[in-house]
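Student: My questions will all concern the structure given below.
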Amino acid sequence: MSDMSRIKTFNLPDLGEGLTEGEILAWLVKVGDIIELNQPIVEVETAKAAVEIPAKWAGQVQAIHHPEGTTVEVGTPIIAIDTDPGAGPLDAPSTTATPSGDLPTPSAASLAAVEVAPAEGMVEPGLIGGAAPGGRTAVLVGYGPRTTAAKRRPRKGAVPAQAATAPAAAPAGVDHGVVVGDKPAATSTIPAPQVHDRRGEASGRATGGVLAKPPVRKLAKDLGVDLGTLTGSGPLGSITREDVQQAASGASVVVAEPIAVTSAPSFGTDREQRIPVKGVRKLTAENMSRSAFTAPHVTEFLTVDVTRAMKALDRLRGRREWRDVRVSPLLLVAKAVLLAVQRHPMVNSTWAGDEIVVKEYVNLGIAAATERGLIVPNVKDAGRLSLRELADALTDLVQTAKSGRTSPAAMSGGTLTITNVGVFGVDTGTPILPPGESAILAFGAVREMPWVHKGKVKVRQVTTLGLSFDHRIIDGELGSKFLRDVGDFLTDPEAALLAWT
């Protein structure tokens with residue numbers, strides 16, 4: 001096989017939703033590594049999420065074109081792979097760093113030996129877009145690559161890739177929620193093949209540094225086991241199938257806990273810190289500004305006694321089929337919203353200029369605070385799920401958000417949202433509508449408070465709900481009835497179910 005057919009260059013694909021660029025967060029491989037087909041090779045952050053991109057070919061990593069911290073346009077070459085490393089050594093081009101510190105310019109001979117990946121829309125079957133290791137599916141929808149050059153936005157204090165010969169610590173004050181592996185080292189010769197199971201290491205990044213093979217991760221996901229809570233019995237402390245199966249009977253996840261992590265501020269000599277607005281934070285700012293100044297918001301509040309609902313949750317946890325599921329008040333709030341939508345369908349709609357689009361399906365969004373900012377993944381067609389299925393879906397949604405692996409597809413198409421501000425200890429808020437939605441419910445903290453119950457003042461469990469809605473679609477009467485129904489369900493879930501279903 002000739003050098004021309006052996007060396008293939010993979011361009012950064014369009015990761016969906018028409019995104020035009022992405023920041024390279026972490027390389028999961030390095031020059032010289034032997035990689036497998038569909039093995040995750042790089043983690044890229046877009047304006048919506050952090051996404052692992054799988055390899056289109058098996059082989060040996062020949063070159064990494066952009067270091068971590070670089071923002072790369074869609075269609076830009078990011079990695080070169082030797083698809084037949086057993087055929088012998090290649091004529092390695094010089095990779096000596098230039099005085100400016102930029103990556104070297106490849107020679108004409110090396111460029112001639114490179115086969116560029118097929119254009120978007122001509123993806124080889126079974127590779128990009130197919131099932132990736134660990135049961136993930138890479139969302140690589142082509143809108144056509146851009147041919148503009150990559151933009152370098154290195155992190156403060158970051159070491160250029162060609163100068164890095166050992167693992168480097170993340171810059172101070174920057175926390176991207178991933179464990180950064182070896183930086184790609186630039187050398188004048190290609191090192192001897194080194195077989196690394198980078199998929200296991202990638203799995204560790206997704207679970208806070210825990211090592212687990214993709215089949216084990218899939219088994220843990222199917223059984224609802226949080227790998228971060230386990231101590232591995234395998235090599236190097238890795239999690240095995242036996243570890244997951246042993247923990248499955250007692251595994252549980254708290255759905256409603258806060259998941260934001262905030263790094264300590266790093267101030268300069270002027271005692272000020274300047275944080276670039278990019279990624280999820282930039283998208284959130286754009287969406288919130290657009291929503292706040294296009295949809296006329298109205299917010300109503302309702303304080304309700306949820307003592308019976310909390311007792312119902314306790315009884316639910318005590319049932320045999322629910323003992324391996326840790327439920328939270330958010331589950332009942334979600335069920336209340338779904339039932340109220342059935343009674344008031346107009347709340348689940350979109351303003352489309354000259355028409356209102358009312359949707360029969362409910363893609364229920366759950367606002368989540370993450371290291372990269374606010375995201376709102378949604379449970380698809382949540383109204384068709386049983387209570388147990390809804391609990392499992394909410395658990396999976398929060399687990400995925402915690403690990404930073406929420407896909408752009410999971411954050412698209414939401415029709416109605418719940419924001420659980422109660423986990424932060426506050427009573428309620430005036431939430432801003434996600435673009436394209438007509439209502440969002442704020443669920444406050446559940447507190448013990450004095451409450452008039454059956455003519456006497458007693459200590460009861462009380463919460464406050466806040467409903468913001470688009471006044472172009474929802475008038476005061478409709479918004480009030482919807483909020484009242486949510487409150488009625490939380491006040492007495494059993495009676496509401498009997499009356500409404």
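Note on naming: chains are A, B, ... as they come in the structure tokens, residues start from 1 per chain, ligands start from 1 in the order shown.
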Determine, counting only C-alpha atoms, which protein, DNA and RNA residues have an atom within 10 Å of an atom of Thr501 (chain A); residues of the same chain fewer than 4 positions away are not included. Present the result as an MDAnalysis selection string.
Tutor: chainID A and resid 339 496:497
Student: Please list as a list of chain:residue names every residue within 6 Å of region 73-89 of chain A, counting only C-alpha atoms and excluding residues in the same chain fewer than 4 positions away.
Tutor: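 Non-adjacent residues within range: A:Arg6, A:Ile7, A:Lys8, A:Thr9, A:Phe10, A:Asn11, A:Leu12, A:Pro13, A:Asp14, A:Thr20, A:Glu21, A:Ala58, A:Gly59, A:Gln60, A:Val61, A:Gln62, A:Ala63, A:Ile64, A:His65, A:Pro145, A:Arg146, A:Ala150.
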Student: Would you mind telling me which residue in A:Ile432, A:Leu490, A:Leu374, A:Val357 lies nearest to Leu467 (chain A) when using only C-alpha atoms?
Tutor: A:Ile432
Student: DSSP on the backbone, then: every residue of region 269-400 of chain A marked strand (DSSP E), written as a JSON list (two decimals) with N, CA and C atoms, in the first residue's frame.
Tutor:
```json
[["chain", "number", "residue", "atom", "x", "y", "z"],
["A", 297, "HIS", "N", -43.09, 38.14, 28.75],
["A", 297, "HIS", "CA", -43.16, 37.23, 29.87],
["A", 297, "HIS", "C", -44.16, 37.69, 30.93],
["A", 298, "VAL", "N", -44.88, 36.74, 31.47],
["A", 298, "VAL", "CA", -45.70, 36.96, 32.66],
["A", 298, "VAL", "C", -45.36, 35.83, 33.63],
["A", 299, "THR", "N", -45.22, 36.15, 34.91],
["A", 299, "THR", "CA", -44.92, 35.12, 35.91],
["A", 299, "THR", "C", -45.96, 35.16, 37.01],
["A", 300, "GLU", "N", -46.48, 33.98, 37.33],
["A", 300, "GLU", "CA", -47.43, 33.84, 38.44],
["A", 300, "GLU", "C", -46.85, 32.88, 39.47],
["A", 301, "PHE", "N", -47.29, 33.02, 40.72],
["A", 301, "PHE", "CA", -46.76, 32.21, 41.81],
["A", 301, "PHE", "C", -47.89, 31.51, 42.56],
["A", 302, "LEU", "N", -47.58, 30.35, 43.09],
["A", 302, "LEU", "CA", -48.55, 29.60, 43.87],
["A", 302, "LEU", "C", -47.80, 28.82, 44.95],
["A", 303, "THR", "N", -48.21, 29.02, 46.20],
["A", 303, "THR", "CA", -47.64, 28.29, 47.33],
["A", 303, "THR", "C", -48.60, 27.17, 47.73],
["A", 304, "VAL", "N", -48.08, 25.95, 47.81],
["A", 304, "VAL", "CA", -48.95, 24.80, 48.05],
["A", 304, "VAL", "C", -48.40, 23.92, 49.17],
["A", 305, "ASP", "N", -49.32, 23.23, 49.84],
["A", 305, "ASP", "CA", -48.99, 22.25, 50.87],
["A", 305, "ASP", "C", -48.73, 20.91, 50.16],
["A", 349, "SER", "N", -46.97, 24.81, 23.41],
["A", 349, "SER", "CA", -47.06, 25.31, 22.04],
["A", 349, "SER", "C", -45.93, 26.29, 21.75],
["A", 350, "THR", "N", -45.87, 26.71, 20.49],
["A", 350, "THR", "CA", -44.81, 27.62, 20.02],
["A", 350, "THR", "C", -45.42, 28.73, 19.19],
["A", 351, "TRP", "N", -44.93, 29.94, 19.40],
["A", 351, "TRP", "CA", -45.33, 31.08, 18.58],
["A", 351, "TRP", "C", -44.55, 31.04, 17.28],
["A", 356, "ILE", "N", -49.89, 29.67, 15.69],
["A", 356, "ILE", "CA", -49.44, 29.03, 16.93],
["A", 356, "ILE", "C", -49.41, 27.53, 16.69],
["A", 357, "VAL", "N", -48.28, 26.92, 16.97],
["A", 357, "VAL", "CA", -48.10, 25.49, 16.76],
["A", 357, "VAL", "C", -48.31, 24.77, 18.10],
["A", 358, "VAL", "N", -49.42, 24.05, 18.23],
["A", 358, "VAL", "CA", -49.72, 23.29, 19.44],
["A", 358, "VAL", "C", -49.22, 21.86, 19.24],
["A", 364, "LEU", "N", -40.02, 17.19, 27.61],
["A", 364, "LEU", "CA", -39.95, 17.90, 28.89],
["A", 364, "LEU", "C", -38.51, 18.26, 29.23],
["A", 365, "GLY", "N", -38.20, 19.54, 29.23],
["A", 365, "GLY", "CA", -36.86, 20.01, 29.55],
["A", 365, "GLY", "C", -36.64, 20.13, 31.05],
["A", 366, "ILE", "N", -35.42, 19.79, 31.49],
["A", 366, "ILE", "CA", -35.02, 19.95, 32.88],
["A", 366, "ILE", "C", -33.76, 20.82, 32.89],
["A", 368, "ALA", "N", -30.41, 22.36, 33.96],
["A", 368, "ALA", "CA", -29.33, 21.82, 34.77],
["A", 368, "ALA", "C", -28.14, 22.76, 34.74],
["A", 369, "ALA", "N", -27.60, 23.07, 35.92],
["A", 369, "ALA", "CA", -26.40, 23.89, 36.03],
["A", 369, "ALA", "C", -25.19, 22.98, 35.97],
["A", 370, "THR", "N", -24.31, 23.20, 34.99],
["A", 370, "THR", "CA", -23.12, 22.37, 34.83],
["A", 370, "THR", "C", -21.88, 23.27, 34.86],
["A", 373, "GLY", "N", -21.92, 25.78, 32.16],
["A", 373, "GLY", "CA", -23.02, 26.72, 32.12],
["A", 373, "GLY", "C", -24.37, 26.01, 32.15],
["A", 374, "LEU", "N", -25.42, 26.77, 31.93],
["A", 374, "LEU", "CA", -26.78, 26.24, 31.96],
["A", 374, "LEU", "C", -27.08, 25.46, 30.70],
["A", 375, "ILE", "N", -27.58, 24.24, 30.87],
["A", 375, "ILE", "CA", -28.07, 23.47, 29.74],
["A", 375, "ILE", "C", -29.48, 22.98, 30.08],
["A", 378, "ASN", "N", -33.75, 17.49, 27.43],
["A", 378, "ASN", "CA", -35.16, 17.17, 27.58],
["A", 378, "ASN", "C", -35.43, 15.69, 27.41],
["A", 379, "VAL", "N", -36.49, 15.24, 28.08],
["A", 379, "VAL", "CA", -36.97, 13.87, 27.97],
["A", 379, "VAL", "C", -37.94, 13.82, 26.79]]
```
Student: So that I can see what lies close to region 311-319 of chain A, please list as an MDAnalysis selection string the residues with an atom at most 10 Å from it, counting only C-alpha atoms and leaving out residues fewer than 2 positions away in the same chain.
Tutor: chainID A and resid 306:309 321:329 331:332 490 492:494
Student: Measure the distance from CA of Ser468 (chain A) to CA of Asp485 (chain A) in Å and round it to one decimal.
Tutor: 15.1 Å
Student: Just to confirm, what's the straight-line distance from CA of Ala352 (chain A) to CA of Lys278 (chain A) in Å (one decimal)?
Tutor: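 Computing the Euclidean distance for CA of Ala352 (chain A) and CA of Lys278 (chain A) yields 28.5 Å.
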Student: Where in region 339-489 of chain A does DSSP assign helix (DSSP H, G or I), given as an mmCIF file with C-alpha atoms, in the first residue's frame?
Tutor:
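The result, stored in result12.cif:
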```
data_model
loop_
_atom_site.group_PDB
_atom_site.id
_atom_site.type_symbol
_atom_site.label_atom_id
_atom_site.label_comp_id
_atom_site.auth_asym_id
_atom_site.auth_seq_id
_atom_site.Cartn_x
_atom_site.Cartn_y
_atom_site.Cartn_z
ATOM 1 C CA LEU A 339 -51.025 15.757 33.384
ATOM 2 C CA ALA A 340 -51.763 19.503 33.430
ATOM 3 C CA VAL A 341 -50.639 19.749 29.791
ATOM 4 C CA GLN A 342 -53.213 17.109 28.856
ATOM 5 C CA ARG A 343 -55.881 19.331 30.403
ATOM 6 C CA PRO A 345 -52.750 21.651 25.564
ATOM 7 C CA MET A 346 -52.206 25.278 24.523
ATOM 8 C CA VAL A 347 -49.500 25.595 27.200
ATOM 9 C CA ALA A 382 -42.344 12.338 28.192
ATOM 10 C CA GLY A 383 -46.131 12.245 28.239
ATOM 11 C CA ARG A 384 -46.126 8.658 26.957
ATOM 12 C CA LEU A 387 -44.020 6.973 36.228
ATOM 13 C CA ARG A 388 -41.214 4.421 36.500
ATOM 14 C CA GLU A 389 -40.047 5.129 32.953
ATOM 15 C CA LEU A 390 -40.133 8.837 33.695
ATOM 16 C CA ALA A 391 -38.021 8.292 36.845
ATOM 17 C CA ASP A 392 -35.451 6.319 34.848
ATOM 18 C CA ALA A 393 -35.377 8.960 32.108
ATOM 19 C CA LEU A 394 -34.812 11.784 34.608
ATOM 20 C CA THR A 395 -32.061 9.786 36.311
ATOM 21 C CA ASP A 396 -30.301 9.141 33.003
ATOM 22 C CA LEU A 397 -30.669 12.789 31.994
ATOM 23 C CA VAL A 398 -28.983 14.056 35.179
ATOM 24 C CA GLN A 399 -26.250 11.400 35.110
ATOM 25 C CA THR A 400 -25.391 12.377 31.551
ATOM 26 C CA ALA A 401 -25.368 16.091 32.406
ATOM 27 C CA LYS A 402 -23.095 15.451 35.407
ATOM 28 C CA PRO A 408 -26.733 18.478 21.168
ATOM 29 C CA ALA A 409 -29.672 16.284 20.138
ATOM 30 C CA ALA A 410 -30.686 15.844 23.782
ATOM 31 C CA MET A 411 -30.914 19.627 24.154
ATOM 32 C CA VAL A 421 -34.287 26.044 41.884
ATOM 33 C CA GLY A 422 -35.244 24.445 45.193
ATOM 34 C CA VAL A 423 -32.025 22.394 45.185
ATOM 35 C CA PHE A 424 -30.176 25.655 45.825
ATOM 36 C CA GLY A 476 -53.906 35.013 32.449
ATOM 37 C CA GLU A 477 -56.817 32.608 32.759
ATOM 38 C CA LEU A 478 -55.088 29.740 30.982
ATOM 39 C CA GLY A 479 -51.810 30.272 32.846
ATOM 40 C CA SER A 480 -53.632 30.398 36.183
ATOM 41 C CA LYS A 481 -55.616 27.210 35.501
ATOM 42 C CA PHE A 482 -52.491 25.347 34.441
ATOM 43 C CA LEU A 483 -50.575 26.423 37.543
ATOM 44 C CA ARG A 484 -53.551 25.612 39.747
ATOM 45 C CA ASP A 485 -53.733 22.085 38.309
ATOM 46 C CA VAL A 486 -50.027 21.498 38.969
ATOM 47 C CA GLY A 487 -50.576 22.701 42.522
ATOM 48 C CA ASP A 488 -53.661 20.508 42.993
ATOM 49 C CA PHE A 489 -51.743 17.415 41.939
#
```
Student: Would you mind reading off the distance between CA of Ala336 (chain A) and CA of Leu498 (chain A), one decimal, in Å?
Tutor: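 Computing it gives 13.2 Å between the two atoms.
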Student: Measuring between only C-alpha atoms, which one of A:Pro276, A:Pro67, A:Pro435, A:Pro40 shows the shortest distance to Ile53 (chain A)?
Tutor: A:Pro40
Student: Using only C-alpha atoms, which of the listed residues (A:Met310, A:Ile473, A:Val376, A:Leu465) sits closest to Glu448 (chain A)?
Tutor: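 Among A:Met310, A:Ile473, A:Val376, A:Leu465, it is A:Met310 that comes nearest to Glu448 (chain A).
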